[in-house]
Amino acid sequence: MDVINWQEIRLLLAALQESDVSELTLECKDFRLTLRKGISAAQLSTTAPSLTASPPSAPAETPPPVPAPKSPPSHWVEVVSPMVGTFYSAPAPGEADFVQVGQRVNKGQTLCIIEAMKVMNEIEAETAGVVREILVSNGQPVEFGQVLMRLDPTG
């Protein structure tokens, strides 16, 4: 295996989620990927071949600090993905999104679909409220436990 693509990684993640295995390492000639259950994507370990470059002629500038994202109000309810899959905001291509920011939703209302292993799984609101944030785009791969959107139950 020379190259691994995102579809193959998603399939590995789905298989890992459905198994009793807690860690999986895939190692090729110049590539290593370790997947572990119960951690975020930022903690996944990947190693690529080291590249050599000429030393810079001038010292590199330090990039400006990235401002910390504002945390949402504590009373907002996070809608998280119950599985690894693909996020869909509408029931079918060309159709209207299930919900939009600012829209009031009822408990049990479909918010989105997560496709996993060719199965379309409707994600429903666990509480009534107003959609305040949608954090993923249509067709974007999502991970188990990833926050998809936030609802304000007092809104």
# chains A, B, ... in the order shown; residues from 1 in each chain; ligands from 1
$ residues_around --residues "Pro82 of chain A" --least-positions-apart "4" --cutoff "9 Å" --atoms "only C-alpha atoms" --output "ChimeraX atom specification"
/A:114,123,143-146
$ atom_distance --atom1 "atom CA of Val80 of chain A" --atom2 "atom CA of Gln103 of chain A"
18.2 Å
$ closest_residue --among "A:Met149, A:Gln140, A:Ala92, A:Gly129" --to "Lys107 of chain A" --atoms "only C-alpha atoms"
A:Gly129
$ residues_around --residues "Gln17 of chain A" --least-positions-apart "2" --cutoff "12 Å" --atoms "only C-alpha atoms" --output "list in words"
Arg10, Leu11, Leu12, Leu13, Ala14, Ala15, Ser19, Asp20, Val21, Ser22, Glu23, Leu24, Leu35, Arg36, Lys37, Gly38, Ile39, Pro82, Met83, Val84, Gly85, Ala116, Met117, Glu143, Phe144 and Gly145 of chain A
$ residues_around --residues "Asp152 of chain A" --least-positions-apart "5" --cutoff "8 Å" --atoms "only C-alpha atoms" --output "compact mmCIF listing (two decimals) with C-alpha atoms, in the first residue's frame"
# COMPACT_ATOMS: atom_id res chain seq x y z
CA HIS A 75 -26.50 26.39 28.79
CA TRP A 76 -26.26 25.57 25.08
CA VAL A 77 -26.73 21.90 24.22
CA GLY A 129 -34.45 25.04 21.26
CA VAL A 130 -32.95 27.39 18.69
CA VAL A 131 -30.07 26.30 16.44
CA ARG A 132 -27.21 28.69 17.32
$ closest_residue --among "A:Glu27, A:Glu126, A:Glu18, A:Glu78" --to "Val105 of chain A" --atoms "only C-alpha atoms"
A:Glu126
$ atom_distance --atom1 "atom CA of Gln109 of chain A" --atom2 "atom CA of Ala125 of chain A"
5.4 Å
$ atom_distance --atom1 "atom CA of Ser74 of chain A" --atom2 "atom CA of Val136 of chain A"
20.3 Å
$ decode --residues "segment 65-92 of chain A" --atoms "N, CA and C atoms" --output "CSV table (one decimal), in the first residue's frame"
chain,number,residue,atom,x,y,z
A,65,PRO,N,-0.1,35.1,17.2
A,65,PRO,CA,-0.9,34.2,17.9
A,65,PRO,C,-2.3,34.1,17.4
A,66,VAL,N,-2.8,32.9,17.4
A,66,VAL,CA,-4.2,32.7,16.9
A,66,VAL,C,-5.1,32.9,18.1
A,67,PRO,N,-6.1,33.8,18.0
A,67,PRO,CA,-7.0,34.0,19.1
A,67,PRO,C,-7.7,32.8,19.5
A,68,ALA,N,-7.9,32.6,20.8
A,68,ALA,CA,-8.7,31.4,21.3
A,68,ALA,C,-10.1,31.6,20.9
A,69,PRO,N,-10.7,30.5,20.4
A,69,PRO,CA,-12.1,30.6,20.0
A,69,PRO,C,-13.0,30.8,21.3
A,70,LYS,N,-14.0,31.7,21.1
A,70,LYS,CA,-14.9,32.0,22.2
A,70,LYS,C,-15.7,30.7,22.5
A,71,SER,N,-15.8,30.4,23.8
A,71,SER,CA,-16.6,29.2,24.2
A,71,SER,C,-18.0,29.6,24.2
A,72,PRO,N,-18.9,28.7,23.8
A,72,PRO,CA,-20.3,29.0,23.8
A,72,PRO,C,-20.9,29.1,25.2
A,73,PRO,N,-22.0,29.7,25.4
A,73,PRO,CA,-22.7,29.8,26.7
A,73,PRO,C,-22.9,28.4,27.3
A,74,SER,N,-22.7,28.3,28.5
A,74,SER,CA,-22.8,27.0,29.2
A,74,SER,C,-24.1,26.3,29.1
A,75,HIS,N,-25.2,27.0,28.9
A,75,HIS,CA,-26.5,26.4,28.8
A,75,HIS,C,-26.8,25.8,27.4
A,76,TRP,N,-26.0,26.1,26.4
A,76,TRP,CA,-26.3,25.6,25.1
A,76,TRP,C,-26.0,24.1,25.1
A,77,VAL,N,-26.8,23.4,24.3
A,77,VAL,CA,-26.7,21.9,24.2
A,77,VAL,C,-26.0,21.5,22.9
A,78,GLU,N,-24.9,20.7,23.1
A,78,GLU,CA,-24.2,20.2,21.9
A,78,GLU,C,-24.8,19.0,21.3
A,79,VAL,N,-25.0,19.0,20.0
A,79,VAL,CA,-25.4,17.8,19.3
A,79,VAL,C,-24.1,17.2,18.8
A,80,VAL,N,-23.8,16.0,19.2
A,80,VAL,CA,-22.6,15.3,18.8
A,80,VAL,C,-22.9,14.1,17.9
A,81,SER,N,-21.9,13.8,17.1
A,81,SER,CA,-22.1,12.6,16.2
A,81,SER,C,-22.0,11.3,17.0
A,82,PRO,N,-22.9,10.4,16.9
A,82,PRO,CA,-22.9,9.2,17.6
A,82,PRO,C,-22.0,8.1,16.9
A,83,MET,N,-21.4,8.5,15.7
A,83,MET,CA,-20.6,7.6,14.9
A,83,MET,C,-19.7,8.3,14.0
A,84,VAL,N,-18.8,7.5,13.4
A,84,VAL,CA,-18.0,8.0,12.3
A,84,VAL,C,-18.8,7.9,11.0
A,85,GLY,N,-18.7,9.0,10.2
A,85,GLY,CA,-19.5,8.9,9.0
A,85,GLY,C,-19.4,10.2,8.2
A,86,THR,N,-20.3,10.5,7.3
A,86,THR,CA,-20.4,11.7,6.5
A,86,THR,C,-21.7,12.5,6.9
A,87,PHE,N,-21.5,13.8,7.2
A,87,PHE,CA,-22.6,14.7,7.6
A,87,PHE,C,-23.3,15.1,6.4
A,88,TYR,N,-24.6,15.0,6.4
A,88,TYR,CA,-25.5,15.6,5.4
A,88,TYR,C,-26.5,16.5,6.1
A,89,SER,N,-26.6,17.8,5.6
A,89,SER,CA,-27.5,18.7,6.1
A,89,SER,C,-28.9,18.7,5.5
A,90,ALA,N,-29.1,18.0,4.5
A,90,ALA,CA,-30.4,17.9,3.8
A,90,ALA,C,-30.7,16.4,3.5
A,91,PRO,N,-32.0,16.1,3.3
A,91,PRO,CA,-32.4,14.7,3.0
A,91,PRO,C,-31.9,14.2,1.7
A,92,ALA,N,-31.6,15.1,0.7
A,92,ALA,CA,-31.1,14.6,-0.6
A,92,ALA,C,-30.5,15.8,-1.3
